[in-house]
>>> print(open('my_file34.csv').read())   # CSV, C-alpha atoms and all ligand atoms
chain,number,residue,atom,x,y,z
J,41,MET,CA,125.9,11.9,-49.6
J,42,LYS,CA,125.0,15.0,-51.5
J,43,SER,CA,121.3,15.5,-51.9
J,44,SER,CA,120.0,15.7,-55.4
J,45,LYS,CA,116.7,17.2,-54.3
J,46,ARG,CA,116.2,20.6,-55.8
J,47,GLY,CA,115.3,23.5,-53.5
J,48,LEU,CA,111.8,25.0,-53.7
J,49,SER,CA,113.1,28.1,-55.4
J,50,GLU,CA,114.5,26.1,-58.2
J,51,ARG,CA,111.3,24.2,-59.0
J,52,ALA,CA,109.3,25.4,-61.9
J,53,LEU,CA,106.2,27.5,-61.4
J,54,LEU,CA,103.2,26.6,-63.4
J,55,VAL,CA,101.3,29.4,-65.1
J,56,GLY,CA,97.9,28.8,-66.5
J,57,ILE,CA,96.3,31.2,-69.0
J,58,THR,CA,92.6,31.0,-69.6
J,59,GLY,CA,90.2,32.9,-71.8
J,60,ALA,CA,89.3,35.6,-69.3
J,61,SER,CA,90.1,39.1,-70.5
J,62,GLY,CA,93.5,40.3,-69.2
J,63,ALA,CA,96.0,38.5,-71.2
J,64,PRO,CA,98.5,41.4,-70.9
J,65,TYR,CA,98.7,40.5,-67.2
J,66,ALA,CA,99.9,37.0,-68.1
J,67,VAL,CA,102.4,38.4,-70.6
J,68,ALA,CA,103.8,40.9,-68.1
J,69,PHE,CA,104.1,38.2,-65.4
J,70,LEU,CA,105.9,35.8,-67.8
J,71,ARG,CA,108.3,38.4,-69.0
J,72,LEU,CA,109.2,39.3,-65.4
J,73,LEU,CA,109.8,35.7,-64.5
J,74,GLN,CA,112.0,35.3,-67.5
J,75,GLU,CA,114.0,38.5,-66.5
J,76,LEU,CA,114.4,36.9,-63.0
J,77,SER,CA,115.5,33.6,-64.6
J,78,GLN,CA,112.7,31.7,-62.8
J,79,PRO,CA,111.8,28.4,-64.4
J,80,VAL,CA,108.3,28.5,-65.7
J,81,GLU,CA,106.0,26.1,-67.5
J,82,VAL,CA,102.7,27.3,-69.1
J,83,ILE,CA,99.4,25.7,-69.8
J,84,VAL,CA,97.1,27.6,-72.1
J,85,THR,CA,93.4,26.9,-72.8
J,86,GLU,CA,91.9,27.3,-76.3
J,87,PRO,CA,89.9,30.4,-75.3
J,88,GLY,CA,93.1,31.6,-73.6
J,89,LEU,CA,95.0,31.5,-76.9
J,90,PHE,CA,92.1,33.3,-78.6
J,91,VAL,CA,92.0,36.1,-76.1
J,92,LEU,CA,95.8,36.4,-76.0
J,93,GLU,CA,95.9,37.0,-79.7
J,94,HIS,CA,93.0,39.3,-79.6
J,95,GLU,CA,94.3,41.5,-76.7
J,96,THR,CA,98.1,41.4,-77.3
J,97,GLY,CA,98.6,40.2,-80.9
J,98,LEU,CA,100.8,37.4,-79.5
J,99,THR,CA,100.6,33.7,-80.6
J,100,LEU,CA,101.5,30.3,-79.2
J,101,ALA,CA,104.9,30.7,-80.8
J,102,ASP,CA,105.5,33.9,-78.8
J,103,LEU,CA,104.4,32.2,-75.6
J,104,GLU,CA,106.9,29.4,-76.2
J,105,LYS,CA,109.7,32.0,-76.1
J,106,VAL,CA,108.9,33.1,-72.5
J,107,CYS,CA,108.7,29.7,-70.8
J,108,ALA,CA,110.6,26.4,-70.5
J,109,ARG,CA,107.7,24.3,-71.6
J,110,LEU,CA,104.2,24.9,-72.9
J,111,TRP,CA,101.1,22.7,-73.1
J,112,ARG,CA,97.7,23.2,-74.6
J,113,GLU,CA,94.6,22.2,-72.5
J,114,ASP,CA,94.0,18.8,-74.3
J,115,HIS,CA,97.5,17.4,-73.4
J,116,LEU,CA,96.0,15.5,-70.4
J,117,ALA,CA,99.0,13.3,-69.9
J,118,ALA,CA,101.6,16.1,-69.6
J,119,PRO,CA,103.7,16.3,-66.4
J,120,PRO,CA,101.5,18.9,-64.6
J,121,ALA,CA,98.7,16.3,-64.5
J,122,SER,CA,100.6,14.4,-61.8
J,123,GLY,CA,101.5,15.3,-58.3
J,124,SER,CA,104.7,13.4,-58.6
J,125,VAL,CA,106.2,16.4,-60.5
J,126,PRO,CA,107.3,18.8,-57.8
J,127,TYR,CA,106.2,22.2,-59.1
J,128,ARG,CA,106.5,25.0,-56.6
J,129,GLY,CA,102.9,26.1,-57.2
J,130,MET,CA,100.6,27.5,-59.8
J,131,VAL,CA,99.2,30.8,-60.9
J,132,VAL,CA,96.2,31.1,-63.1
J,133,ILE,CA,96.4,34.5,-64.8
J,134,PRO,CA,94.0,35.6,-65.9
J,135,CYS,CA,91.5,33.1,-64.4
J,136,SER,CA,88.1,32.9,-66.1
J,137,MET,CA,84.9,32.3,-64.1
J,138,GLY,CA,84.5,29.0,-66.0
J,139,THR,CA,87.9,27.8,-64.9
J,140,LEU,CA,87.3,29.1,-61.3
J,141,SER,CA,84.1,27.1,-61.2
J,142,ALA,CA,85.9,23.9,-62.4
J,143,ILE,CA,88.7,24.4,-59.8
J,144,ALA,CA,86.2,25.1,-57.1
J,145,GLN,CA,84.2,21.9,-58.0
J,146,GLY,CA,87.2,19.7,-58.8
J,147,ALA,CA,86.1,19.1,-62.3
J,148,ALA,CA,89.6,18.7,-63.8
J,149,ARG,CA,88.3,18.5,-67.4
J,150,ASN,CA,91.4,19.8,-69.1
J,151,LEU,CA,95.1,19.9,-68.3
J,152,LEU,CA,94.9,23.4,-66.7
J,153,GLN,CA,92.0,22.4,-64.4
J,154,ARG,CA,93.7,19.1,-63.6
J,155,ALA,CA,97.0,20.9,-62.7
J,156,ALA,CA,95.2,23.2,-60.4
J,157,ASP,CA,93.4,20.3,-58.8
J,158,VAL,CA,96.8,18.6,-58.3
J,159,THR,CA,98.3,21.7,-56.9
J,160,LEU,CA,95.6,21.9,-54.2
J,161,LYS,CA,95.8,18.2,-53.4
J,162,GLU,CA,99.5,18.4,-53.0
J,163,GLY,CA,99.1,21.4,-50.7
J,164,ARG,CA,101.1,23.7,-52.9
J,165,PRO,CA,100.3,27.4,-53.5
J,166,LEU,CA,97.5,28.0,-56.0
J,167,VAL,CA,96.9,31.7,-56.9
J,168,LEU,CA,93.8,32.6,-59.0
J,169,VAL,CA,94.0,36.0,-60.7
J,170,VAL,CA,90.3,36.1,-61.3
J,171,ARG,CA,88.9,38.6,-63.7
J,172,GLU,CA,85.2,39.4,-64.2
J,173,THR,CA,82.9,42.2,-63.4
J,174,PRO,CA,80.3,42.5,-62.0
J,175,LEU,CA,80.4,39.2,-60.0
J,176,ASN,CA,77.2,37.1,-59.7
J,177,LEU,CA,76.4,34.9,-56.8
J,178,VAL,CA,77.8,31.8,-58.5
J,179,HIS,CA,81.1,33.5,-59.0
J,180,LEU,CA,81.2,34.6,-55.4
J,181,ARG,CA,80.3,31.1,-54.1
J,182,ASN,CA,83.0,29.6,-56.4
J,183,MET,CA,85.6,32.0,-55.1
J,184,LEU,CA,84.6,31.1,-51.5
J,185,ALA,CA,84.8,27.4,-52.3
J,186,ALA,CA,88.2,27.7,-54.0
J,187,ALA,CA,89.5,29.8,-51.1
J,188,GLN,CA,88.2,27.2,-48.6
J,189,ALA,CA,90.0,24.5,-50.6
J,190,GLY,CA,93.3,26.4,-50.2
J,191,ALA,CA,93.5,28.7,-53.3
J,192,VAL,CA,94.3,32.3,-53.0
J,193,ILE,CA,91.9,34.6,-54.8
J,194,TYR,CA,94.1,37.4,-56.2
J,195,PRO,CA,91.9,39.6,-58.4
J,196,ALA,CA,93.3,41.4,-61.4
J,197,MET,CA,93.2,44.8,-59.7
J,198,PRO,CA,96.0,47.2,-60.6
J,199,ALA,CA,97.5,49.5,-58.0
J,200,PHE,CA,97.2,53.3,-58.3
J,201,TYR,CA,99.4,54.5,-55.4
J,202,PRO,CA,102.6,54.2,-57.5
J,203,ARG,CA,101.0,56.6,-60.0
J,204,PRO,CA,101.6,54.5,-63.1
J,205,GLN,CA,102.3,56.6,-66.2
J,206,SER,CA,101.4,53.9,-68.6
J,207,LEU,CA,99.5,50.7,-68.9
J,208,GLN,CA,102.8,48.9,-69.0
J,209,GLU,CA,103.9,50.4,-65.7
J,210,MET,CA,100.6,49.3,-64.2
J,211,LEU,CA,101.0,45.7,-65.5
J,212,ASP,CA,104.6,45.5,-64.4
J,213,PHE,CA,103.8,46.6,-60.9
J,214,PHE,CA,101.0,44.1,-60.6
J,215,ALA,CA,103.4,41.4,-61.9
J,216,LYS,CA,106.1,42.3,-59.4
J,217,ARG,CA,103.6,42.2,-56.5
J,218,LEU,CA,102.4,38.8,-57.6
J,219,ALA,CA,106.0,37.5,-57.9
J,220,GLU,CA,106.8,38.8,-54.4
J,221,PHE,CA,103.6,37.2,-53.1
J,222,LEU,CA,105.0,33.9,-54.4
J,223,GLU,CA,108.3,34.6,-52.5
J,224,ILE,CA,110.2,35.3,-55.7
J,225,PRO,CA,112.5,38.2,-54.9
J,226,VAL,CA,112.0,41.3,-57.1
J,227,GLU,CA,113.9,44.5,-57.5
J,228,ASN,CA,112.8,48.1,-57.8
J,229,LEU,CA,109.3,47.6,-56.4
J,230,GLN,CA,108.0,51.0,-55.3
J,231,ARG,CA,106.7,50.5,-51.8
J,232,TRP,CA,104.1,52.6,-50.0
J,233,GLY,CA,105.9,55.1,-47.7
J,234,GLU,CA,109.1,55.2,-49.8
J,235,ASN,CA,110.1,58.0,-52.0
J,236,GLY,CA,108.1,60.5,-50.1
K,1,LIG,C1,87.3,38.7,-75.7
K,1,LIG,C2,86.8,37.9,-74.5
K,1,LIG,C3,86.9,38.3,-73.2
K,1,LIG,C4,86.4,37.5,-72.2
K,1,LIG,N1,86.5,38.0,-70.9
K,1,LIG,C5,86.2,37.2,-69.9
K,1,LIG,C6,86.4,37.6,-68.5
K,1,LIG,O1,86.9,38.7,-68.3
K,1,LIG,N2,86.1,36.7,-67.6
K,1,LIG,C7,85.5,35.5,-67.8
K,1,LIG,O2,85.3,34.8,-66.8
K,1,LIG,N3,85.3,35.1,-69.1
K,1,LIG,C8,85.6,35.9,-70.1
K,1,LIG,N4,85.4,35.5,-71.4
K,1,LIG,C9,84.8,34.2,-71.6
K,1,LIG,C10,85.7,33.0,-71.6
K,1,LIG,O3,86.7,33.0,-72.6
K,1,LIG,C11,84.9,31.7,-71.7
K,1,LIG,O4,84.0,31.5,-70.6
K,1,LIG,C12,85.7,30.5,-71.9
K,1,LIG,O5,84.9,29.3,-72.0
K,1,LIG,C13,86.7,30.2,-70.7
K,1,LIG,O6,87.3,29.0,-70.9
K,1,LIG,P1,88.7,28.7,-70.2
K,1,LIG,O7,88.5,29.0,-68.7
K,1,LIG,O8,88.8,27.2,-70.3
K,1,LIG,O9,89.8,29.4,-70.8
K,1,LIG,C14,85.8,36.3,-72.5
K,1,LIG,C15,85.7,35.8,-73.8
K,1,LIG,C16,86.2,36.6,-74.8
K,1,LIG,C17,86.1,36.1,-76.2
>>> encode(input="my_file34.csv", output="structure tokens", more="lines below")
Ligand SMILES: Cc1cc2nc3c(=O)[nH]c(=O)nc-3n(C[C@H](O)[C@H](O)[C@H](O)COP(=O)(O)O)c2cc1C
Amino acid sequence: MKSSKRGLSERALLVGITGASGAPYAVAFLRLLQELSQPVEVIVTEPGLFVLEHETGLTLADLEKVCARLWREDHLAAPPASGSVPYRGMVVIPCSMGTLSAIAQGAARNLLQRAADVTLKEGRPLVLVVRETPLNLVHLRNMLAAAQAGAVIYPAMPAFYPRPQSLQEMLDFFAKRLAEFLEIPVENLQRWGENG
């Protein structure tokens, strides 16, 4: 009998967008995934929407164009709230210190936090693109707790060795490295030691 189970690479990736600064990282990542025809579903918090609009001029309607499905944080009964839906993993980009704290403590007070909690309990990859500076002791402790629970702390730190000529190049490089980290094949990634 032919198996109807979809392979891991065909499962949708969950992308959470919070109200940390750095919405352009989320946009670059979503656009890359769209280019790569990767199935993506998005959860955005209310502060996330505010910062997205403030930093990029984009709205909820624009976000809807770069993902298969989109939920706001109060949609607590949406599919990402259940471990029975086999997402391949979740990336929170950018991840605020508030959401980091909720994930580290298992608070699950909105759909994004619940989805991250589910991702951890199901043993799926959870990547937190944290963004804050400087970091206080609470932030550091929460990062440690989240990492101990299985999350990957992936700070929003752009690379300089490819000598980006624009902000967009910097964001695109970060997005490609993140995709590759999630085992999504990318093209034209400039690697250290190549091209002289
Ligand atoms: C313009 C702006 C920039 C912000 N930048 C950050 C940030 O870089 N990191 C952070 O942790 N919070 C930042 N915040 C605060 C968060 O938006 C706030 O803590 C919010 O409650 C986070 O909620 P959420 O994680 O549910 O999206 C920023 C807020 C605004 C308005």
>>> residues_near_ligand(input="my_file34.csv", ligand="ligand LIG 1 (chain K)", cutoff="9 Å", atoms="all atoms listed in the file", output="ChimeraX atom specification")
/J:57-62,84-92,94-95,113,134-142,150,152-153,170-173,179
>>> write_last_selection(input="my_file34.csv", atoms="C-alpha atoms", output="PDB file, keeping the file's coordinate frame")
ATOM      1  CA  ILE J  57      96.300  31.200 -69.000  1.00  0.00           C
ATOM      2  CA  THR J  58      92.600  31.000 -69.600  1.00  0.00           C
ATOM      3  CA  GLY J  59      90.200  32.900 -71.800  1.00  0.00           C
ATOM      4  CA  ALA J  60      89.300  35.600 -69.300  1.00  0.00           C
ATOM      5  CA  SER J  61      90.100  39.100 -70.500  1.00  0.00           C
ATOM      6  CA  GLY J  62      93.500  40.300 -69.200  1.00  0.00           C
ATOM      7  CA  VAL J  84      97.100  27.600 -72.100  1.00  0.00           C
ATOM      8  CA  THR J  85      93.400  26.900 -72.800  1.00  0.00           C
ATOM      9  CA  GLU J  86      91.900  27.300 -76.300  1.00  0.00           C
ATOM     10  CA  PRO J  87      89.900  30.400 -75.300  1.00  0.00           C
ATOM     11  CA  GLY J  88      93.100  31.600 -73.600  1.00  0.00           C
ATOM     12  CA  LEU J  89      95.000  31.500 -76.900  1.00  0.00           C
ATOM     13  CA  PHE J  90      92.100  33.300 -78.600  1.00  0.00           C
ATOM     14  CA  VAL J  91      92.000  36.100 -76.100  1.00  0.00           C
ATOM     15  CA  LEU J  92      95.800  36.400 -76.000  1.00  0.00           C
ATOM     16  CA  HIS J  94      93.000  39.300 -79.600  1.00  0.00           C
ATOM     17  CA  GLU J  95      94.300  41.500 -76.700  1.00  0.00           C
ATOM     18  CA  GLU J 113      94.600  22.200 -72.500  1.00  0.00           C
ATOM     19  CA  PRO J 134      94.000  35.600 -65.900  1.00  0.00           C
ATOM     20  CA  CYS J 135      91.500  33.100 -64.400  1.00  0.00           C
ATOM     21  CA  SER J 136      88.100  32.900 -66.100  1.00  0.00           C
ATOM     22  CA  MET J 137      84.900  32.300 -64.100  1.00  0.00           C
ATOM     23  CA  GLY J 138      84.500  29.000 -66.000  1.00  0.00           C
ATOM     24  CA  THR J 139      87.900  27.800 -64.900  1.00  0.00           C
ATOM     25  CA  LEU J 140      87.300  29.100 -61.300  1.00  0.00           C
ATOM     26  CA  SER J 141      84.100  27.100 -61.200  1.00  0.00           C
ATOM     27  CA  ALA J 142      85.900  23.900 -62.400  1.00  0.00           C
ATOM     28  CA  ASN J 150      91.400  19.800 -69.100  1.00  0.00           C
ATOM     29  CA  LEU J 152      94.900  23.400 -66.700  1.00  0.00           C
ATOM     30  CA  GLN J 153      92.000  22.400 -64.400  1.00  0.00           C
ATOM     31  CA  VAL J 170      90.300  36.100 -61.300  1.00  0.00           C
ATOM     32  CA  ARG J 171      88.900  38.600 -63.700  1.00  0.00           C
ATOM     33  CA  GLU J 172      85.200  39.400 -64.200  1.00  0.00           C
ATOM     34  CA  THR J 173      82.900  42.200 -63.400  1.00  0.00           C
ATOM     35  CA  HIS J 179      81.100  33.500 -59.000  1.00  0.00           C
TER      36      HIS J 179
END
>>> closest_residue(input="my_file34.csv", among="J:Leu54, J:Val82, J:Val106, J:Leu100", to="J:Ala156", atoms="all atoms listed in the file")
J:Leu54
>>> closest_residue(input="my_file34.csv", among="J:Glu227, J:Asp114, J:Glu81, J:Glu209", to="J:Ala68", atoms="all atoms listed in the file")
J:Glu209
>>> residues_around(input="my_file34.csv", residues="J:Val226", least_positions_apart="3", cutoff="7 Å", atoms="all atoms listed in the file", output="list of chain:residue names")
J:Lys216, J:Glu220, J:Leu229
>>> write_last_selection(input="my_file34.csv", atoms="C-alpha atoms", output="CSV table (one decimal), keeping the file's coordinate frame")
chain,number,residue,atom,x,y,z
J,216,LYS,CA,106.1,42.3,-59.4
J,220,GLU,CA,106.8,38.8,-54.4
J,229,LEU,CA,109.3,47.6,-56.4
>>> atom_distance(input="my_file34.csv", atom1="atom CA of J:Val167", atom2="atom CA of J:Val131")
4.7 Å
>>> atom_distance(input="my_file34.csv", atom1="atom CA of J:Leu184", atom2="atom CA of J:Val55")
21.6 Å
>>> closest_residue(input="my_file34.csv", among="J:Arg154, J:Arg71, J:Arg128, J:Lys161", to="J:Glu223", atoms="only C-alpha atoms")
J:Arg128
>>> closest_residue(input="my_file34.csv", among="J:Ile224, J:Leu175, J:Leu168, J:Ala191", to="J:Pro79", atoms="only C-alpha atoms")
J:Ile224
>>> closest_residue(input="my_file34.csv", among="J:Ala144, J:Gly233, J:Pro119, J:Leu98", to="J:Ala185", atoms="all atoms listed in the file")
J:Ala144
>>> closest_residue(input="my_file34.csv", among="J:Pro204, J:Pro195, J:Pro225, J:Gly56", to="J:Ser77", atoms="all atoms listed in the file")
J:Pro225
>>> residues_around(input="my_file34.csv", residues="J:His115", least_positions_apart="3", cutoff="8 Å", atoms="all atoms listed in the file", output="MDAnalysis selection string")
chainID J and resid 111:112 118 150:151
>>> atom_distance(input="my_file34.csv", atom1="atom CA of J:Gly123", atom2="atom CA of J:Ala155")
8.4 Å
>>> build_atoms(input="my_file34.csv", residues="stretch 76-87 of chain J", atoms="N, CA and C atoms", output="short mmCIF file (atom, residue, chain, number, x, y, z; two decimals), in the frame of the given file")
data_model
loop_
_atom_site.label_atom_id
_atom_site.label_comp_id
_atom_site.auth_asym_id
_atom_site.auth_seq_id
_atom_site.Cartn_x
_atom_site.Cartn_y
_atom_site.Cartn_z
N LEU J 76 113.87 37.39 -64.32
CA LEU J 76 114.40 36.90 -63.00
C LEU J 76 114.96 35.52 -63.10
N SER J 77 115.00 34.97 -64.32
CA SER J 77 115.50 33.60 -64.60
C SER J 77 114.82 32.55 -63.74
N GLN J 78 113.52 32.74 -63.56
CA GLN J 78 112.70 31.70 -62.80
C GLN J 78 112.20 30.69 -63.80
N PRO J 79 112.36 29.41 -63.47
CA PRO J 79 111.80 28.40 -64.40
C PRO J 79 110.30 28.36 -64.35
N VAL J 80 109.73 28.42 -65.55
CA VAL J 80 108.30 28.50 -65.70
C VAL J 80 107.77 27.59 -66.76
N GLU J 81 106.65 26.92 -66.49
CA GLU J 81 106.00 26.10 -67.50
C GLU J 81 104.54 26.62 -67.62
N VAL J 82 104.04 26.64 -68.84
CA VAL J 82 102.70 27.30 -69.10
C VAL J 82 101.73 26.28 -69.65
N ILE J 83 100.49 26.43 -69.19
CA ILE J 83 99.40 25.70 -69.80
C ILE J 83 98.38 26.77 -70.28
N VAL J 84 97.99 26.66 -71.53
CA VAL J 84 97.10 27.60 -72.10
C VAL J 84 95.82 26.92 -72.61
N THR J 85 94.65 27.48 -72.31
CA THR J 85 93.40 26.90 -72.80
C THR J 85 93.17 27.44 -74.25
N GLU J 86 92.26 26.83 -74.95
CA GLU J 86 91.90 27.30 -76.30
C GLU J 86 91.35 28.73 -76.26
N PRO J 87 90.35 29.00 -75.37
CA PRO J 87 89.90 30.40 -75.30
C PRO J 87 91.04 31.32 -74.83
#
